[in-house]
>>> print(open('target24.tsv').read())   # TSV, C-alpha atoms and all ligand atoms
chain	number	residue	atom	x	y	z
A	1	MET	CA	0.00	0.00	0.00
A	2	MET	CA	1.17	3.44	-0.87
A	3	GLN	CA	1.82	5.42	2.28
A	4	ARG	CA	-0.18	8.60	2.55
A	5	LEU	CA	1.83	11.78	2.33
A	6	ARG	CA	-1.04	14.18	1.96
A	7	ASN	CA	0.07	17.72	2.66
A	8	SER	CA	3.46	16.83	4.02
A	9	ALA	CA	5.05	20.18	3.57
A	10	VAL	CA	8.48	21.68	3.99
A	11	HIS	CA	9.19	25.31	4.76
A	12	HIS	CA	12.14	26.86	3.05
A	13	GLY	CA	14.47	29.14	4.92
A	14	PHE	CA	14.89	31.97	2.48
A	15	GLY	CA	18.46	32.39	1.38
A	16	ALA	CA	19.34	28.89	2.49
A	17	ALA	CA	21.48	27.21	-0.10
A	18	ALA	CA	20.17	23.75	0.74
A	19	VAL	CA	18.47	21.91	-2.08
A	20	ALA	CA	14.71	22.01	-1.64
A	21	ARG	CA	13.38	18.48	-1.24
A	22	VAL	CA	10.29	17.24	0.42
A	23	ALA	CA	11.27	14.96	3.28
A	24	PRO	CA	10.90	11.52	1.75
A	25	VAL	CA	8.57	9.18	3.59
A	26	VAL	CA	9.01	6.22	1.33
A	27	PRO	CA	7.55	2.89	2.40
A	28	ILE	CA	10.02	0.00	2.36
A	29	ASP	CA	8.42	-1.64	-0.68
A	30	GLU	CA	8.47	1.55	-2.75
A	31	ALA	CA	11.23	1.90	-5.31
A	32	PRO	CA	13.53	4.77	-4.33
A	33	LEU	CA	13.59	7.81	-6.58
A	34	GLY	CA	16.44	7.91	-9.05
A	35	PRO	CA	18.79	10.85	-9.57
A	36	PRO	CA	17.02	14.11	-10.43
A	37	LYS	CA	16.01	14.68	-14.03
A	38	VAL	CA	16.04	18.44	-13.56
A	39	ARG	CA	18.01	20.30	-10.92
A	40	LEU	CA	17.73	24.01	-10.25
A	41	GLU	CA	20.64	25.28	-8.27
A	42	GLY	CA	20.50	28.75	-6.72
A	43	ILE	CA	18.58	30.29	-9.61
A	44	THR	CA	18.26	34.07	-9.43
A	45	GLN	CA	17.06	36.31	-12.24
A	46	ARG	CA	17.35	40.07	-12.32
A	47	TYR	CA	15.86	42.20	-15.09
A	48	GLN	CA	17.29	45.63	-15.84
A	49	ASN	CA	13.96	47.22	-16.86
A	50	GLY	CA	15.68	50.53	-17.61
A	51	SER	CA	15.75	51.64	-13.94
A	52	LYS	CA	18.74	52.03	-11.63
A	53	THR	CA	17.83	49.10	-9.46
A	54	PRO	CA	17.25	45.89	-11.36
A	55	LEU	CA	14.07	43.96	-10.67
A	56	THR	CA	14.77	40.65	-8.97
A	57	ALA	CA	12.15	38.37	-10.49
A	58	ILE	CA	13.27	35.14	-8.83
A	59	GLU	CA	15.80	34.52	-6.11
A	60	ASN	CA	17.81	31.52	-5.06
A	61	ILE	CA	15.49	28.79	-6.28
A	62	ASN	CA	16.69	25.30	-5.48
A	63	LEU	CA	14.59	22.38	-6.70
A	64	GLU	CA	15.01	18.82	-7.84
A	65	ILE	CA	12.49	17.22	-10.16
A	66	HIS	CA	12.64	13.48	-10.68
A	67	ALA	CA	12.16	11.53	-13.90
A	68	GLY	CA	8.48	10.85	-14.44
A	69	GLU	CA	7.40	13.33	-11.78
A	70	PHE	CA	4.50	15.70	-12.32
A	71	LEU	CA	5.50	18.91	-10.58
A	72	CYS	CA	3.18	21.89	-10.36
A	73	ILE	CA	4.41	25.38	-9.57
A	74	VAL	CA	1.90	27.89	-8.24
A	75	GLY	CA	2.39	31.52	-7.33
A	76	PRO	CA	0.81	34.91	-7.77
A	77	SER	CA	1.03	36.65	-11.08
A	78	GLY	CA	4.46	38.23	-11.58
A	79	CYS	CA	6.36	35.95	-9.20
A	80	GLY	CA	8.61	34.62	-11.93
A	81	LYS	CA	6.95	31.34	-12.89
A	82	SER	CA	7.36	31.89	-16.63
A	83	THR	CA	10.89	33.14	-16.12
A	84	LEU	CA	11.73	29.87	-14.38
A	85	LEU	CA	10.29	27.75	-17.20
A	86	HIS	CA	12.17	29.79	-19.80
A	87	MET	CA	15.38	29.03	-17.96
A	88	ILE	CA	14.72	25.31	-17.83
A	89	ALA	CA	13.88	25.46	-21.54
A	90	GLY	CA	17.26	27.12	-22.10
A	91	LEU	CA	15.66	30.19	-23.70
A	92	MET	CA	17.45	32.43	-21.21
A	93	ARG	CA	20.35	32.11	-18.80
A	94	PRO	CA	19.88	32.99	-15.12
A	95	SER	CA	21.73	35.95	-13.60
A	96	GLU	CA	22.98	33.49	-10.99
A	97	GLY	CA	22.75	29.76	-10.54
A	98	GLU	CA	22.53	26.81	-12.87
A	99	VAL	CA	19.96	24.50	-14.42
A	100	TRP	CA	20.95	20.86	-14.83
A	101	ILE	CA	19.21	18.17	-16.87
A	102	ASP	CA	20.46	14.64	-16.29
A	103	GLU	CA	23.48	16.19	-14.57
A	104	ARG	CA	24.34	18.18	-17.71
A	105	ARG	CA	24.33	21.95	-17.39
A	106	VAL	CA	21.72	23.69	-19.55
A	107	GLU	CA	23.42	26.22	-21.80
A	108	ASN	CA	20.87	26.34	-24.58
A	109	THR	CA	17.59	24.94	-25.85
A	110	GLY	CA	17.56	21.21	-26.52
A	111	THR	CA	15.33	18.50	-27.93
A	112	ASP	CA	15.14	16.90	-24.48
A	113	ARG	CA	12.80	19.72	-23.31
A	114	ILE	CA	9.84	21.53	-24.77
A	115	LEU	CA	7.79	24.49	-23.61
A	116	ILE	CA	4.03	24.67	-24.21
A	117	PHE	CA	2.24	27.88	-23.41
A	118	GLN	CA	-1.23	29.35	-23.64
A	119	GLU	CA	-0.66	31.09	-26.96
A	120	LEU	CA	-0.14	27.87	-28.81
A	121	GLY	CA	1.84	29.09	-31.80
A	122	LEU	CA	-0.04	26.85	-34.22
A	123	PHE	CA	0.11	27.83	-37.88
A	124	PRO	CA	-3.32	28.55	-39.40
A	125	TRP	CA	-2.11	27.86	-42.94
A	126	LEU	CA	-1.01	24.31	-42.07
A	127	THR	CA	-3.24	21.31	-41.40
A	128	VAL	CA	-3.29	19.61	-38.01
A	129	ALA	CA	-0.89	16.92	-39.28
A	130	GLU	CA	1.44	19.51	-40.81
A	131	ASN	CA	1.48	21.49	-37.57
A	132	VAL	CA	2.49	18.40	-35.63
A	133	GLU	CA	5.10	17.51	-38.22
A	134	PHE	CA	6.53	21.01	-38.20
A	135	GLY	CA	7.94	20.56	-34.69
A	136	MET	CA	10.05	17.65	-35.92
A	137	ARG	CA	11.50	19.33	-39.01
A	138	HIS	CA	14.70	20.62	-37.47
A	139	GLY	CA	17.51	19.03	-35.56
A	140	MET	CA	15.90	15.64	-35.10
A	141	GLY	CA	17.30	13.77	-38.08
A	142	LEU	CA	13.97	12.17	-38.99
A	143	ASN	CA	13.03	11.52	-42.61
A	144	LYS	CA	9.58	12.28	-44.00
A	145	GLN	CA	8.31	8.75	-43.46
A	146	GLU	CA	9.45	8.67	-39.82
A	147	ARG	CA	7.90	12.06	-39.20
A	148	ARG	CA	4.60	10.93	-40.70
A	149	ALA	CA	4.59	7.81	-38.53
A	150	ARG	CA	5.07	9.96	-35.45
A	151	VAL	CA	2.35	12.37	-36.54
A	152	ALA	CA	-0.09	9.47	-36.79
A	153	GLN	CA	1.06	8.01	-33.47
A	154	TYR	CA	0.73	11.24	-31.50
A	155	LEU	CA	-2.50	12.42	-33.11
A	156	LYS	CA	-3.95	9.06	-32.09
A	157	LEU	CA	-2.62	9.56	-28.56
A	158	VAL	CA	-4.51	12.85	-28.22
A	159	HIS	CA	-7.57	11.40	-30.00
A	160	LEU	CA	-7.28	13.63	-33.05
A	161	GLY	CA	-6.54	10.97	-35.64
A	162	GLN	CA	-9.72	11.93	-37.52
A	163	PHE	CA	-8.69	15.56	-37.77
A	164	ALA	CA	-5.28	15.21	-39.41
A	165	ASP	CA	-6.38	17.14	-42.51
A	166	SER	CA	-8.37	19.85	-40.71
A	167	TYR	CA	-7.17	23.40	-40.35
A	168	ILE	CA	-6.74	25.04	-36.98
A	169	HIS	CA	-9.71	27.39	-37.39
A	170	GLN	CA	-11.94	24.34	-37.77
A	171	LEU	CA	-11.08	23.12	-34.27
A	172	SER	CA	-12.36	24.01	-30.80
A	173	GLY	CA	-10.05	25.54	-28.17
A	174	GLY	CA	-9.59	22.18	-26.47
A	175	MET	CA	-8.73	20.46	-29.74
A	176	ARG	CA	-6.16	23.14	-30.51
A	177	GLN	CA	-4.57	22.48	-27.14
A	178	ARG	CA	-4.39	18.81	-28.00
A	179	VAL	CA	-2.71	19.61	-31.34
A	180	ALA	CA	-0.12	21.65	-29.45
A	181	LEU	CA	0.34	18.78	-27.03
A	182	ALA	CA	0.74	16.29	-29.88
A	183	ARG	CA	3.25	18.58	-31.59
A	184	ALA	CA	5.28	18.81	-28.39
A	185	LEU	CA	5.07	15.09	-27.59
A	186	ALA	CA	6.01	14.08	-31.14
A	187	THR	CA	9.48	15.51	-30.58
A	188	GLU	CA	9.71	12.96	-27.73
A	189	PRO	CA	11.14	15.31	-25.14
A	190	ASP	CA	11.98	13.93	-21.72
A	191	VAL	CA	10.67	17.05	-20.03
A	192	LEU	CA	7.44	18.90	-20.83
A	193	LEU	CA	7.33	22.47	-19.57
A	194	MET	CA	3.77	23.79	-19.48
A	195	ASP	CA	3.03	27.45	-18.80
A	196	GLU	CA	-0.63	27.94	-17.81
A	197	PRO	CA	-1.67	25.92	-20.86
A	198	PHE	CA	-5.34	25.59	-19.93
A	199	ALA	CA	-5.97	29.02	-18.41
A	200	ALA	CA	-8.08	30.31	-21.29
A	201	LEU	CA	-10.30	27.24	-21.65
A	202	ASP	CA	-13.84	26.83	-20.36
A	203	ALA	CA	-14.26	24.62	-17.29
A	204	GLN	CA	-15.59	21.58	-19.13
A	205	THR	CA	-12.85	21.56	-21.75
A	206	ARG	CA	-10.24	22.04	-19.05
A	207	ASP	CA	-11.59	19.04	-17.12
A	208	LEU	CA	-11.28	16.89	-20.23
A	209	LEU	CA	-7.76	18.07	-20.89
A	210	HIS	CA	-6.76	17.35	-17.30
A	211	ASP	CA	-7.93	13.77	-17.80
A	212	GLU	CA	-6.15	13.56	-21.11
A	213	LEU	CA	-2.88	15.01	-19.84
A	214	GLU	CA	-2.88	12.71	-16.84
A	215	ARG	CA	-3.43	9.69	-19.08
A	216	ILE	CA	-0.71	10.76	-21.52
A	217	TRP	CA	1.70	11.43	-18.68
A	218	ALA	CA	1.03	7.95	-17.26
A	219	GLU	CA	1.37	6.32	-20.69
A	220	THR	CA	4.53	8.12	-21.78
A	221	GLY	CA	6.37	8.51	-18.46
A	222	ARG	CA	7.39	12.09	-19.28
A	223	THR	CA	8.55	14.50	-16.61
A	224	ILE	CA	6.17	17.43	-16.44
A	225	ILE	CA	6.73	20.84	-14.89
A	226	PHE	CA	3.40	22.63	-14.98
A	227	VAL	CA	2.94	26.27	-14.03
A	228	THR	CA	-0.46	27.56	-12.98
A	229	HIS	CA	-1.99	30.11	-10.66
A	230	ASN	CA	-4.89	27.72	-10.08
A	231	VAL	CA	-4.24	25.72	-6.92
A	232	ARG	CA	-7.03	23.21	-7.56
A	233	GLU	CA	-5.60	22.48	-10.96
A	234	ALA	CA	-2.19	21.95	-9.37
A	235	VAL	CA	-3.60	19.49	-6.84
A	236	ARG	CA	-5.67	17.77	-9.54
A	237	LEU	CA	-2.55	17.11	-11.59
A	238	GLY	CA	0.60	17.23	-9.49
A	239	ASP	CA	2.59	14.71	-7.51
A	240	ARG	CA	4.03	17.73	-5.80
A	241	VAL	CA	3.02	21.37	-5.62
A	242	VAL	CA	5.59	24.09	-5.07
A	243	VAL	CA	4.33	27.48	-3.86
A	244	LEU	CA	6.39	30.50	-4.84
A	245	THR	CA	6.44	33.81	-2.98
A	246	PHE	CA	5.54	37.08	-4.64
A	247	ARG	CA	8.50	38.95	-6.16
A	248	PRO	CA	11.19	37.95	-5.80
A	249	GLY	CA	9.86	34.46	-6.42
A	250	ARG	CA	11.32	32.05	-3.89
A	251	VAL	CA	10.19	28.60	-2.86
A	252	LYS	CA	7.83	29.21	0.02
A	253	ARG	CA	6.55	25.70	0.60
A	254	GLU	CA	6.24	22.31	-1.04
A	255	PHE	CA	3.35	19.91	-0.75
A	256	ASN	CA	3.35	16.24	-1.67
A	257	VAL	CA	-0.03	15.28	-3.10
A	258	ASP	CA	-0.60	11.62	-2.57
A	259	LEU	CA	-4.23	11.35	-3.57
A	260	PRO	CA	-5.25	8.40	-5.74
A	261	ARG	CA	-5.40	8.93	-9.50
A	262	PRO	CA	-7.25	9.63	-11.65
A	263	ARG	CA	-8.37	12.68	-9.70
A	264	SER	CA	-11.08	15.17	-10.39
A	265	LEU	CA	-11.32	18.85	-9.57
A	266	GLU	CA	-14.53	18.01	-7.74
A	267	ASP	CA	-12.99	15.41	-5.40
A	268	PRO	CA	-13.51	16.59	-1.81
A	269	GLU	CA	-9.92	15.62	-0.97
A	270	VAL	CA	-8.60	17.66	-3.89
A	271	ALA	CA	-10.62	20.62	-2.64
A	272	LEU	CA	-9.39	20.16	0.94
A	273	THR	CA	-5.75	19.91	-0.07
A	274	ALA	CA	-6.13	22.90	-2.35
A	275	ARG	CA	-7.57	24.90	0.53
A	276	ASP	CA	-4.48	24.26	2.65
A	277	ILE	CA	-2.20	25.35	-0.17
A	278	LEU	CA	-4.36	28.35	-0.92
A	279	ASP	CA	-3.88	29.62	2.64
A	280	ASP	CA	-0.17	29.84	1.86
A	281	LEU	CA	-0.67	31.32	-1.55
A	282	ARG	CA	-3.17	33.92	-0.38
A	283	GLU	CA	-0.52	35.73	1.67
A	284	GLU	CA	1.53	36.10	-1.48
A	285	ILE	CA	-1.42	37.17	-3.60
A	286	ASP	CA	-2.20	39.87	-1.00
A	287	LYS	CA	1.39	41.14	-1.29
A	288	SER	CA	1.10	41.24	-5.06
A	289	LEU	CA	-2.18	43.17	-4.84
A	290	GLU	CA	-0.62	45.71	-2.44
A	291	VAL	CA	2.09	46.35	-5.01
A	292	GLU	CA	-0.44	46.58	-7.84
A	293	TYR	CA	-2.70	49.03	-6.00
A	294	ALA	CA	0.26	51.15	-4.86
A	295	LYS	CA	1.08	51.88	-8.52
B	301	LIG	P1	4.77	35.04	-13.80
B	301	LIG	O1	4.95	34.04	-14.89
B	301	LIG	O2	4.81	34.43	-12.44
B	301	LIG	O3	3.58	35.94	-13.99
B	301	LIG	P2	7.09	36.35	-15.02
B	301	LIG	O4	8.20	35.38	-15.00
B	301	LIG	O5	6.35	36.55	-16.29
B	301	LIG	O6	6.07	36.00	-13.82
B	301	LIG	O7	7.63	37.79	-14.55
B	301	LIG	C1	8.25	38.01	-13.28
B	301	LIG	C2	8.62	39.47	-13.18
B	301	LIG	O8	9.68	39.75	-14.09
B	301	LIG	C3	7.48	40.42	-13.57
B	301	LIG	O9	7.55	41.54	-12.72
B	301	LIG	C4	7.77	40.80	-15.00
B	301	LIG	O10	7.29	42.09	-15.28
B	301	LIG	C5	9.29	40.76	-15.03
B	301	LIG	N1	9.80	40.36	-16.36
B	301	LIG	C6	9.53	39.19	-16.98
B	301	LIG	N2	10.18	39.11	-18.17
B	301	LIG	C7	10.87	40.27	-18.29
B	301	LIG	C8	11.74	40.80	-19.29
B	301	LIG	N3	12.04	40.12	-20.38
B	301	LIG	N4	12.28	42.03	-19.06
B	301	LIG	C9	12.00	42.71	-17.96
B	301	LIG	N5	11.19	42.28	-16.96
B	301	LIG	C10	10.62	41.07	-17.12
>>> encode(input="target24.tsv", output="structure tokens", more="lines below")
Ligand code: ADP
Amino acid sequence: MMQRLRNSAVHHGFGAAAVARVAPVVPIDEAPLGPPKVRLEGITQRYQNGSKTPLTAIENINLEIHAGEFLCIVGPSGCGKSTLLHMIAGLMRPSEGEVWIDERRVENTGTDRILIFQELGLFPWLTVAENVEFGMRHGMGLNKQERRARVAQYLKLVHLGQFADSYIHQLSGGMRQRVALARALATEPDVLLMDEPFAALDAQTRDLLHDELERIWAETGRTIIFVTHNVREAVRLGDRVVVLTFRPGRVKREFNVDLPRPRSLEDPEVALTARDILDDLREEIDKSLEVEYAK
């Protein structure tokens, strides 16, 4: 039997250099976690913003994410969640600290990681299949036939096999999200970085996509780092939820979520766990609102 870890949380001493890990309470018959897939070591990011004092967006973030883990990061708007994902993606280098994937330092973008965000970047002049294929065109060394096989495989995985020849404008918002997911998965990255991907969807579509993402994650064994400001969504999806402070974004607390899967947003236990996390987050949201209103 899986030992219950619901809401086991760890406070982080700000400025402490120690790596942020939830205290493991692993039953004897559980396989131990392997080495981290992703390691964030003392990540700080300052933006110049044209003023004398740079804006410290995130400060001294230390985190380890294990292979196959579904990690959710929550925090108020402007706490540096997107900045953090961009760094893991290798789209920008931190002012201080290092990102490691499989114990290799991230210097650049790589095919082992992919970032999916709310603005999906799908091309309206290409069909669904062509959009999915487009992501595999460069740097993967796949010929046309191999790319086509992967397109078919991943469209099937997201249940869009029937829509291969449709154009993006012919699809609903949820279907477009699934195209973006298929395009990302078809490059077979180890790590999926998701930046509020479902924020603009209606509740019903979002529920379906939660189910779909959870199934795909379980089937493919990918490591997922999922950013959201929606705590319920984080508890619905994550093995672990990390709460960031308002600017500068630091790790405030981590929660292990050991509720049985598949979960639903409506599960009373999901709601209860979310409420605990929300208490922590609310303090940070209040700080962000004070700053906003002071402007
Ligand atoms: P979140 O994703 O949590 O909303 P972001 O990472 O987008 O936060 O931004 C964190 C802070 O850094 C914000 O105050 C934002 O205005 C600032 N910021 C983000 N990107 C840049 C940039 N390229 N140049 C200057 N400031 C930035």
>>> residues_around(input="target24.tsv", residues="range 97-102 of chain A", least_positions_apart="6", cutoff="12 Å", atoms="all atoms listed in the file", output="PyMOL selection string")
chain A and resi 17+34-46+58-67+84-91+108-113+189-191+223
>>> write_last_selection(input="target24.tsv", atoms="C-alpha atoms", output="tab-separated table (two decimals), in the coordinates of the input")
chain	number	residue	atom	x	y	z
A	17	ALA	CA	21.48	27.21	-0.10
A	34	GLY	CA	16.44	7.91	-9.05
A	35	PRO	CA	18.79	10.85	-9.57
A	36	PRO	CA	17.02	14.11	-10.43
A	37	LYS	CA	16.01	14.68	-14.03
A	38	VAL	CA	16.04	18.44	-13.56
A	39	ARG	CA	18.01	20.30	-10.92
A	40	LEU	CA	17.73	24.01	-10.25
A	41	GLU	CA	20.64	25.28	-8.27
A	42	GLY	CA	20.50	28.75	-6.72
A	43	ILE	CA	18.58	30.29	-9.61
A	44	THR	CA	18.26	34.07	-9.43
A	45	GLN	CA	17.06	36.31	-12.24
A	46	ARG	CA	17.35	40.07	-12.32
A	58	ILE	CA	13.27	35.14	-8.83
A	59	GLU	CA	15.80	34.52	-6.11
A	60	ASN	CA	17.81	31.52	-5.06
A	61	ILE	CA	15.49	28.79	-6.28
A	62	ASN	CA	16.69	25.30	-5.48
A	63	LEU	CA	14.59	22.38	-6.70
A	64	GLU	CA	15.01	18.82	-7.84
A	65	ILE	CA	12.49	17.22	-10.16
A	66	HIS	CA	12.64	13.48	-10.68
A	67	ALA	CA	12.16	11.53	-13.90
A	84	LEU	CA	11.73	29.87	-14.38
A	85	LEU	CA	10.29	27.75	-17.20
A	86	HIS	CA	12.17	29.79	-19.80
A	87	MET	CA	15.38	29.03	-17.96
A	88	ILE	CA	14.72	25.31	-17.83
A	89	ALA	CA	13.88	25.46	-21.54
A	90	GLY	CA	17.26	27.12	-22.10
A	91	LEU	CA	15.66	30.19	-23.70
A	108	ASN	CA	20.87	26.34	-24.58
A	109	THR	CA	17.59	24.94	-25.85
A	110	GLY	CA	17.56	21.21	-26.52
A	111	THR	CA	15.33	18.50	-27.93
A	112	ASP	CA	15.14	16.90	-24.48
A	113	ARG	CA	12.80	19.72	-23.31
A	189	PRO	CA	11.14	15.31	-25.14
A	190	ASP	CA	11.98	13.93	-21.72
A	191	VAL	CA	10.67	17.05	-20.03
A	223	THR	CA	8.55	14.50	-16.61
>>> closest_residue(input="target24.tsv", among="A:Arg250, A:Arg178, A:Arg183, A:Arg137", to="ligand LIG 301 (chain B)", atoms="only C-alpha atoms and all ligand atoms")
A:Arg250
>>> atom_distance(input="target24.tsv", atom1="atom C1 of ligand LIG 301 (chain B)", atom2="CA of Gln177 in chain A")
24.4 Å
>>> closest_residue(input="target24.tsv", among="A:Val291, A:Val106, A:Leu185, A:Leu160", to="ligand LIG 301 (chain B)", atoms="only C-alpha atoms and all ligand atoms")
A:Val291
>>> residues_near_ligand(input="target24.tsv", ligand="ligand LIG 301 (chain B)", cutoff="6 Å", atoms="all atoms listed in the file", output="PDB file with C-alpha atoms, keeping the file's coordinate frame")
ATOM      1  CA  TYR A  47      15.860  42.200 -15.090  1.00  0.00           C
ATOM      2  CA  ASN A  49      13.960  47.220 -16.860  1.00  0.00           C
ATOM      3  CA  ALA A  57      12.150  38.370 -10.490  1.00  0.00           C
ATOM      4  CA  SER A  77       1.030  36.650 -11.080  1.00  0.00           C
ATOM      5  CA  GLY A  78       4.460  38.230 -11.580  1.00  0.00           C
ATOM      6  CA  CYS A  79       6.360  35.950  -9.200  1.00  0.00           C
ATOM      7  CA  GLY A  80       8.610  34.620 -11.930  1.00  0.00           C
ATOM      8  CA  LYS A  81       6.950  31.340 -12.890  1.00  0.00           C
ATOM      9  CA  SER A  82       7.360  31.890 -16.630  1.00  0.00           C
ATOM     10  CA  THR A  83      10.890  33.140 -16.120  1.00  0.00           C
TER      11      THR A  83
END
>>> closest_residue(input="target24.tsv", among="A:Asp165, A:Asp286, A:Asp195, A:Asp279", to="Phe117 in chain A", atoms="all atoms listed in the file")
A:Asp195
>>> residues_around(input="target24.tsv", residues="Glu146 in chain A", least_positions_apart="4", cutoff="12 Å", atoms="all atoms listed in the file", output="JSON, numbers by chain")
{"A": [133, 136, 137, 140, 141, 142, 150, 151, 152, 153, 186, 187]}
>>> residues_around(input="target24.tsv", residues="Leu265 in chain A", least_positions_apart="4", cutoff="8 Å", atoms="only C-alpha atoms", output="PyMOL selection string")
chain A and resi 207+232-233+236+270-271
>>> write_last_selection(input="target24.tsv", atoms="C-alpha atoms", output="PDB file, in the coordinates of the input")
ATOM      1  CA  ASP A 207     -11.590  19.040 -17.120  1.00  0.00           C
ATOM      2  CA  ARG A 232      -7.030  23.210  -7.560  1.00  0.00           C
ATOM      3  CA  GLU A 233      -5.600  22.480 -10.960  1.00  0.00           C
ATOM      4  CA  ARG A 236      -5.670  17.770  -9.540  1.00  0.00           C
ATOM      5  CA  VAL A 270      -8.600  17.660  -3.890  1.00  0.00           C
ATOM      6  CA  ALA A 271     -10.620  20.620  -2.640  1.00  0.00           C
TER       7      ALA A 271
END
>>> residues_around(input="target24.tsv", residues="Asp280 in chain A", least_positions_apart="4", cutoff="10 Å", atoms="only C-alpha atoms", output="number ranges by chain")
A: 75, 243-245, 252-253, 275-276, 284-285
>>> decode(input="target24.tsv", residues="range 92-111 of chain A", atoms="N, CA and C atoms", output="compact mmCIF listing (two decimals), in the first residue's frame")
# COMPACT_ATOMS: atom_id res chain seq x y z
N MET A 92 16.67 31.36 -21.82
CA MET A 92 17.45 32.43 -21.21
C MET A 92 18.34 31.86 -20.12
N ARG A 93 19.43 32.57 -19.84
CA ARG A 93 20.35 32.11 -18.80
C ARG A 93 20.07 32.90 -17.53
N PRO A 94 20.12 32.25 -16.37
CA PRO A 94 19.88 32.99 -15.12
C PRO A 94 21.01 33.96 -14.80
N SER A 95 20.68 35.03 -14.05
CA SER A 95 21.73 35.95 -13.60
C SER A 95 22.70 35.20 -12.69
N GLU A 96 22.14 34.33 -11.87
CA GLU A 96 22.98 33.49 -10.99
C GLU A 96 22.37 32.10 -10.95
N GLY A 97 23.23 31.12 -10.72
CA GLY A 97 22.75 29.76 -10.54
C GLY A 97 22.79 28.96 -11.83
N GLU A 98 22.45 27.70 -11.72
CA GLU A 98 22.53 26.81 -12.87
C GLU A 98 21.35 25.86 -12.94
N VAL A 99 21.00 25.52 -14.18
CA VAL A 99 19.96 24.50 -14.42
C VAL A 99 20.68 23.26 -14.94
N TRP A 100 20.35 22.12 -14.40
CA TRP A 100 20.95 20.86 -14.83
C TRP A 100 19.86 19.90 -15.28
N ILE A 101 20.10 19.26 -16.42
CA ILE A 101 19.21 18.17 -16.87
C ILE A 101 20.07 16.93 -16.96
N ASP A 102 19.66 15.87 -16.30
CA ASP A 102 20.46 14.64 -16.29
C ASP A 102 21.92 14.94 -15.96
N GLU A 103 22.12 15.83 -15.01
CA GLU A 103 23.48 16.19 -14.57
C GLU A 103 24.31 16.86 -15.67
N ARG A 104 23.64 17.35 -16.71
CA ARG A 104 24.34 18.18 -17.71
C ARG A 104 23.81 19.60 -17.59
N ARG A 105 24.76 20.57 -17.58
CA ARG A 105 24.33 21.95 -17.39
C ARG A 105 23.61 22.47 -18.63
N VAL A 106 22.47 23.14 -18.42
CA VAL A 106 21.72 23.69 -19.55
C VAL A 106 22.36 24.99 -20.00
N GLU A 107 22.80 25.01 -21.25
CA GLU A 107 23.42 26.22 -21.80
C GLU A 107 22.52 26.81 -22.88
N ASN A 108 21.62 25.97 -23.39
CA ASN A 108 20.87 26.34 -24.58
C ASN A 108 19.56 25.55 -24.63
N THR A 109 18.77 25.80 -25.67
CA THR A 109 17.59 24.94 -25.85
C THR A 109 18.05 23.55 -26.27
N GLY A 110 17.18 22.58 -26.13
CA GLY A 110 17.56 21.21 -26.52
C GLY A 110 16.32 20.39 -26.80
N THR A 111 16.49 19.31 -27.56
CA THR A 111 15.33 18.50 -27.93
C THR A 111 14.84 17.63 -26.76
